[in-house]
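**Student:** Below: one structure in structure tokens.
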Amino acid sequence: MKDNVLILAIESSCDETACSVIENGRNVLSNIISSQIEIHRQYGGVVPEVASRKHIENISDVVNEAIIKANVSCDQIDAVAVTYGPGLVGALLVGVNYAKGLSYAWNKPLIGVNHIEGHICANFIENKHLEPPFVCLVASGGHTHLIYVSDYGKYEIMGKTRDDAAGEAFDKIARAIGLGYPGGPLIEKKAKEGNKTAVNFPRVVIDEDTLDFSFSGLKSSVLNYIHNKQQKNEEIVPEDVAASFQQAVVDVLVMKTMKAAKLKNCKTVALAGGVASNSSLRESLEEECKKNNYVFLKPSSILCTDNAAMIGCAAYYKYLKKEFSDSSLNAIPNLELAD
């Protein structure tokens, strides 16, 4: 095995076209991201067809920029990695097919990576000395998972959402109070101006025997609150609604995460995913970890949102095990995380 393994990774699961060159899984030589947020903002959410077309337009430029910034040649690349699920099928196909083309043209191994696994591995990039085991909360627009990472590439899903993911709930409530898209950052900004105890929205636990999440009831409660206020012609304070809603989400995420850590007797807790950049969640989880003498780890915001560096990190550990894909690799929009 080479001392320095260089992996070119591609991520196109939703509305970011991204490419990264990463060395030995943890040293990021380049991390280029082309966002489509401004395009989809006018529609109030991601339009899959539009996202796919923009990926096609952007991917060559993004890959070339990543290679130039990393100051490497295709001959130096040891493998090509790509997200193949979960995500939007059309968007995934753009990345998968481009990666397959590079793999064939450069005669390099192809490595398919699960998007959720990529989010978890973002913590290895940010925390160079991190090693399993640890408990990781993955919270993003499409996923809310509690995962026990027992070893590299070894995952146990301890809990996941039964309906809306946390990020989806943020987007829907943001639209309901007129904030627009994307909901997460806008809710967080508005919440800083509000009173988080103004409205007592429910903390849905489901039952004591499960670590699964459910945010549909909370979403309905917020919408009912807004509709009732409107019907009575009473004032709605968006700042208070945002703060109270956000606190309800954070309380449940933190409570379940700490319970998972205690069940596994695991002293290290990590965050991952787009919602992991929420300052209220980060602060609350860090505070609870300090109370229990746990180590708390979190990626920087750029590594919380969709990026290719995290895909390259996950691919590195597959490369070491020679877990390569062949030309039949295909996009799987509902791909599950498994050992």
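Chain identifiers are assigned as A, B, and so on, following the order in which chains appear in the structure tokens; residues are numbered from 1 within each chain, and ligands are numbered from 1 in order of appearance.
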Which polymer residues have any atom within 12 Å of an atom of Gly184 of chain A, counting only C-alpha atoms, with same-chain residues fewer than 4 positions away left out, as a PyMOL selection string?
**Tutor:** chain A and resi 139-141+165-175+179-180+188-191+242-243+245-246+249+273-281+305
**Student:** Next, write the just-selected residues to a file, as a compact mmCIF listing (two decimals), in the first residue's frame, keeping C-alpha atoms as the atom set.
**Tutor:**
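What landed in selection.txt:
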```txt
# COMPACT_ATOMS: atom_id res chain seq x y z
CA ALA A 139 -29.24 15.39 11.03
CA SER A 140 -29.83 16.83 7.57
CA GLY A 141 -32.56 17.77 5.14
CA ALA A 165 -36.31 14.47 8.91
CA ALA A 166 -35.27 17.39 11.11
CA GLY A 167 -34.14 19.41 8.10
CA GLU A 168 -37.44 18.83 6.30
CA ALA A 169 -39.32 20.10 9.34
CA PHE A 170 -37.15 23.23 9.40
CA ASP A 171 -37.91 23.88 5.71
CA LYS A 172 -41.66 23.42 6.13
CA ILE A 173 -41.95 25.65 9.18
CA ALA A 174 -39.77 28.29 7.55
CA ARG A 175 -42.22 28.42 4.65
CA LEU A 179 -39.03 32.94 5.75
CA GLY A 180 -38.38 31.13 2.48
CA GLU A 188 -31.84 29.78 13.21
CA LYS A 189 -31.34 33.47 12.41
CA LYS A 190 -34.95 34.37 13.27
CA ALA A 191 -34.86 32.26 16.46
CA ALA A 242 -39.04 30.02 15.18
CA ALA A 243 -37.30 29.96 18.57
CA PHE A 245 -39.98 25.31 17.27
CA GLN A 246 -36.19 25.12 17.06
CA VAL A 249 -36.36 19.96 17.79
CA GLY A 273 -25.18 16.66 8.52
CA GLY A 274 -26.55 20.04 7.49
CA VAL A 275 -28.62 20.56 10.65
CA ALA A 276 -25.43 19.90 12.64
CA SER A 277 -24.32 23.44 11.76
CA ASN A 278 -27.21 24.82 13.85
CA SER A 279 -25.59 26.74 16.72
CA SER A 280 -28.36 25.97 19.21
CA LEU A 281 -28.00 22.22 18.61
CA THR A 305 -23.38 20.63 4.42
```
**Student:** Taking the chain letters and numbering used in this document, name the residues of segment 95-129 of chain A that DSSP puts in helix (DSSP H, G or I), as a ChimeraX atom specification.
**Tutor:** /A:95-106,115-126
**Student:** Those residues with N, CA, C and O atoms, as an mmCIF file, in the first residue's frame please?
**Tutor:**
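Okay, result-v2.cif is ready:
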```cif
data_model
loop_
_atom_site.group_PDB
_atom_site.id
_atom_site.type_symbol
_atom_site.label_atom_id
_atom_site.label_comp_id
_atom_site.auth_asym_id
_atom_site.auth_seq_id
_atom_site.Cartn_x
_atom_site.Cartn_y
_atom_site.Cartn_z
ATOM 1 N N GLY A 95 -23.446 12.362 -11.127
ATOM 2 C CA GLY A 95 -22.175 12.112 -10.459
ATOM 3 C C GLY A 95 -21.653 10.712 -10.698
ATOM 4 O O GLY A 95 -20.457 10.516 -10.972
ATOM 5 N N VAL A 96 -22.534 9.718 -10.595
ATOM 6 C CA VAL A 96 -22.127 8.319 -10.772
ATOM 7 C C VAL A 96 -21.576 8.082 -12.178
ATOM 8 O O VAL A 96 -20.508 7.471 -12.347
ATOM 9 N N ASN A 97 -22.287 8.565 -13.176
ATOM 10 C CA ASN A 97 -21.831 8.330 -14.550
ATOM 11 C C ASN A 97 -20.537 9.079 -14.865
ATOM 12 O O ASN A 97 -19.670 8.560 -15.578
ATOM 13 N N TYR A 98 -20.382 10.265 -14.318
ATOM 14 C CA TYR A 98 -19.141 11.005 -14.547
ATOM 15 C C TYR A 98 -17.967 10.292 -13.879
ATOM 16 O O TYR A 98 -16.884 10.160 -14.460
ATOM 17 N N ALA A 99 -18.192 9.821 -12.662
ATOM 18 C CA ALA A 99 -17.137 9.107 -11.932
ATOM 19 C C ALA A 99 -16.762 7.811 -12.649
ATOM 20 O O ALA A 99 -15.575 7.450 -12.723
ATOM 21 N N LYS A 100 -17.749 7.118 -13.166
ATOM 22 C CA LYS A 100 -17.473 5.881 -13.905
ATOM 23 C C LYS A 100 -16.630 6.177 -15.149
ATOM 24 O O LYS A 100 -15.724 5.411 -15.506
ATOM 25 N N GLY A 101 -16.932 7.300 -15.797
ATOM 26 C CA GLY A 101 -16.155 7.691 -16.973
ATOM 27 C C GLY A 101 -14.710 7.993 -16.621
ATOM 28 O O GLY A 101 -13.784 7.560 -17.327
ATOM 29 N N LEU A 102 -14.499 8.716 -15.516
ATOM 30 C CA LEU A 102 -13.133 9.013 -15.076
ATOM 31 C C LEU A 102 -12.393 7.740 -14.696
ATOM 32 O O LEU A 102 -11.220 7.557 -15.044
ATOM 33 N N SER A 103 -13.075 6.870 -13.970
ATOM 34 C CA SER A 103 -12.468 5.613 -13.541
ATOM 35 C C SER A 103 -11.989 4.794 -14.741
ATOM 36 O O SER A 103 -10.887 4.239 -14.741
ATOM 37 N N TYR A 104 -12.814 4.752 -15.774
ATOM 38 C CA TYR A 104 -12.479 3.994 -16.981
ATOM 39 C C TYR A 104 -11.336 4.661 -17.755
ATOM 40 O O TYR A 104 -10.363 4.008 -18.165
ATOM 41 N N ALA A 105 -11.456 5.983 -17.921
ATOM 42 C CA ALA A 105 -10.464 6.712 -18.708
ATOM 43 C C ALA A 105 -9.098 6.715 -18.036
ATOM 44 O O ALA A 105 -8.061 6.629 -18.715
ATOM 45 N N TRP A 106 -9.093 6.828 -16.716
ATOM 46 C CA TRP A 106 -7.827 6.898 -15.979
ATOM 47 C C TRP A 106 -7.336 5.529 -15.532
ATOM 48 O O TRP A 106 -6.237 5.421 -14.989
ATOM 49 N N HIS A 115 -24.024 8.323 1.089
ATOM 50 C CA HIS A 115 -24.010 9.741 1.470
ATOM 51 C C HIS A 115 -24.016 9.928 2.991
ATOM 52 O O HIS A 115 -23.317 10.806 3.518
ATOM 53 N N ILE A 116 -24.785 9.119 3.703
ATOM 54 C CA ILE A 116 -24.850 9.234 5.166
ATOM 55 C C ILE A 116 -23.509 8.865 5.783
ATOM 56 O O ILE A 116 -23.039 9.515 6.727
ATOM 57 N N GLU A 117 -22.871 7.833 5.248
ATOM 58 C CA GLU A 117 -21.544 7.461 5.727
ATOM 59 C C GLU A 117 -20.566 8.613 5.527
ATOM 60 O O GLU A 117 -19.690 8.874 6.371
ATOM 61 N N GLY A 118 -20.714 9.314 4.411
ATOM 62 C CA GLY A 118 -19.870 10.472 4.160
ATOM 63 C C GLY A 118 -20.016 11.526 5.248
ATOM 64 O O GLY A 118 -19.026 12.057 5.756
ATOM 65 N N HIS A 119 -21.258 11.822 5.624
ATOM 66 C CA HIS A 119 -21.485 12.815 6.682
ATOM 67 C C HIS A 119 -20.796 12.404 7.983
ATOM 68 O O HIS A 119 -20.176 13.235 8.653
ATOM 69 N N ILE A 120 -20.899 11.141 8.336
ATOM 70 C CA ILE A 120 -20.245 10.651 9.556
ATOM 71 C C ILE A 120 -18.736 10.871 9.468
ATOM 72 O O ILE A 120 -18.092 11.348 10.413
ATOM 73 N N CYS A 121 -18.162 10.552 8.308
ATOM 74 C CA CYS A 121 -16.714 10.623 8.127
ATOM 75 C C CYS A 121 -16.182 12.049 8.096
ATOM 76 O O CYS A 121 -14.963 12.253 8.221
ATOM 77 N N ALA A 122 -17.053 13.039 7.947
ATOM 78 C CA ALA A 122 -16.602 14.434 8.020
ATOM 79 C C ALA A 122 -15.900 14.700 9.348
ATOM 80 O O ALA A 122 -15.003 15.544 9.441
ATOM 81 N N ASN A 123 -16.295 13.967 10.372
ATOM 82 C CA ASN A 123 -15.672 14.146 11.687
ATOM 83 C C ASN A 123 -14.211 13.686 11.709
ATOM 84 O O ASN A 123 -13.410 14.206 12.487
ATOM 85 N N PHE A 124 -13.853 12.732 10.865
ATOM 86 C CA PHE A 124 -12.455 12.283 10.803
ATOM 87 C C PHE A 124 -11.559 13.371 10.202
ATOM 88 O O PHE A 124 -10.386 13.495 10.568
ATOM 89 N N ILE A 125 -12.123 14.144 9.281
ATOM 90 C CA ILE A 125 -11.351 15.211 8.648
ATOM 91 C C ILE A 125 -11.076 16.324 9.653
ATOM 92 O O ILE A 125 -9.956 16.831 9.756
ATOM 93 N N GLU A 126 -12.095 16.696 10.385
ATOM 94 C CA GLU A 126 -11.982 17.806 11.327
ATOM 95 C C GLU A 126 -11.186 17.429 12.569
ATOM 96 O O GLU A 126 -10.494 18.273 13.157
#
```
**Student:** Contacts of Ile10 of chain A at 6 Å or less, counting only C-alpha atoms, minus same-chain residues fewer than 2 places along, as a PDB file with N, CA, C and O atoms, in the first residue's frame?
**Tutor:**
```pdb
ATOM      1  N   ALA A  18     -20.134  18.895  -6.223  1.00  0.00           N
ATOM      2  CA  ALA A  18     -18.909  19.024  -5.439  1.00  0.00           C
ATOM      3  C   ALA A  18     -17.861  18.006  -5.866  1.00  0.00           C
ATOM      4  O   ALA A  18     -18.182  16.885  -6.273  1.00  0.00           O
ATOM      5  N   CYS A  19     -16.606  18.417  -5.743  1.00  0.00           N
ATOM      6  CA  CYS A  19     -15.493  17.515  -6.026  1.00  0.00           C
ATOM      7  C   CYS A  19     -14.346  17.864  -5.088  1.00  0.00           C
ATOM      8  O   CYS A  19     -14.098  19.039  -4.790  1.00  0.00           O
ATOM      9  N   VAL A  82     -17.475   8.231  -5.470  1.00  0.00           N
ATOM     10  CA  VAL A  82     -18.690   8.978  -5.799  1.00  0.00           C
ATOM     11  C   VAL A  82     -19.845   8.555  -4.895  1.00  0.00           C
ATOM     12  O   VAL A  82     -19.954   7.396  -4.503  1.00  0.00           O
ATOM     13  N   ALA A 308     -17.715  17.053  -1.064  1.00  0.00           N
ATOM     14  CA  ALA A 308     -17.071  15.834  -1.571  1.00  0.00           C
ATOM     15  C   ALA A 308     -15.917  15.366  -0.705  1.00  0.00           C
ATOM     16  O   ALA A 308     -15.511  14.211  -0.805  1.00  0.00           O
TER      17      ALA A 308
END
```
**Student:** Looking at only C-alpha atoms, which of A:Val94, A:Leu223, A:Ile177, A:Thr268 is the one that sits closest to Val295 of chain A?
**Tutor:**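 Looking only at the distances to Val295 of chain A, the closest residue turns out to be A:Thr268.
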**Student:** What lies within 8 Å of Ala260 of chain A using only C-alpha atoms, ignoring chain neighbours under 3 positions off, as a list of chain:residue names?
**Tutor:** A:Val135, A:Leu146, A:Met158, A:Leu211, A:Lys256, A:Thr257, A:Leu263, A:Lys264
**Student:** What does the distance from atom CA of Gly159 of chain A to atom CA of His145 of chain A come to in Å, to one decimal?
**Tutor:**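 Between these atoms lies a distance of 5.7 Å.
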**Student:** Could you name the residues that touch Gly87 of chain A at 12 Å or less, counting only C-alpha atoms, but leaving out those on the same chain fewer than 4 positions away, as a VMD selection string?
**Tutor:** chain A and resid 11 to 16 46 48 51 to 52 83 91 to 96 113 to 116 140 to 143 306 331 to 336
**Student:** A:Gln42, A:Gln76, A:Asn58, A:Ser221: which is nearest Ile22 of chain A, counting only C-alpha atoms?
**Tutor:**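 Closest to Ile22 of chain A, using only C-alpha atoms: A:Gln76.
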**Student:** Between A:Asn64, A:Ser30, A:Asn24, A:Thr197, which one has atoms that come closest to Asn307 of chain A, using only C-alpha atoms?
**Tutor:**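 With only C-alpha atoms as the atom set, the closest residue is A:Ser30.
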**Student:** Leaving out Tyr152 of chain A and any residue of its chain fewer than 4 positions from it, which residues lie within 12 Å of it when counting only C-alpha atoms, given as a list in words?
**Tutor:**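 Near neighbours after the sequence-gap exclusion: Gly25, Glu117, Gly118, Ile120, Cys121, Phe124, Leu130, Glu131, Pro132, Pro133, Phe134, Tyr148, Glu156, Cys313, Ala314, Ala315, Tyr316, Tyr317, Lys318, Tyr319, Leu320, Lys321 and Asp339 of chain A.
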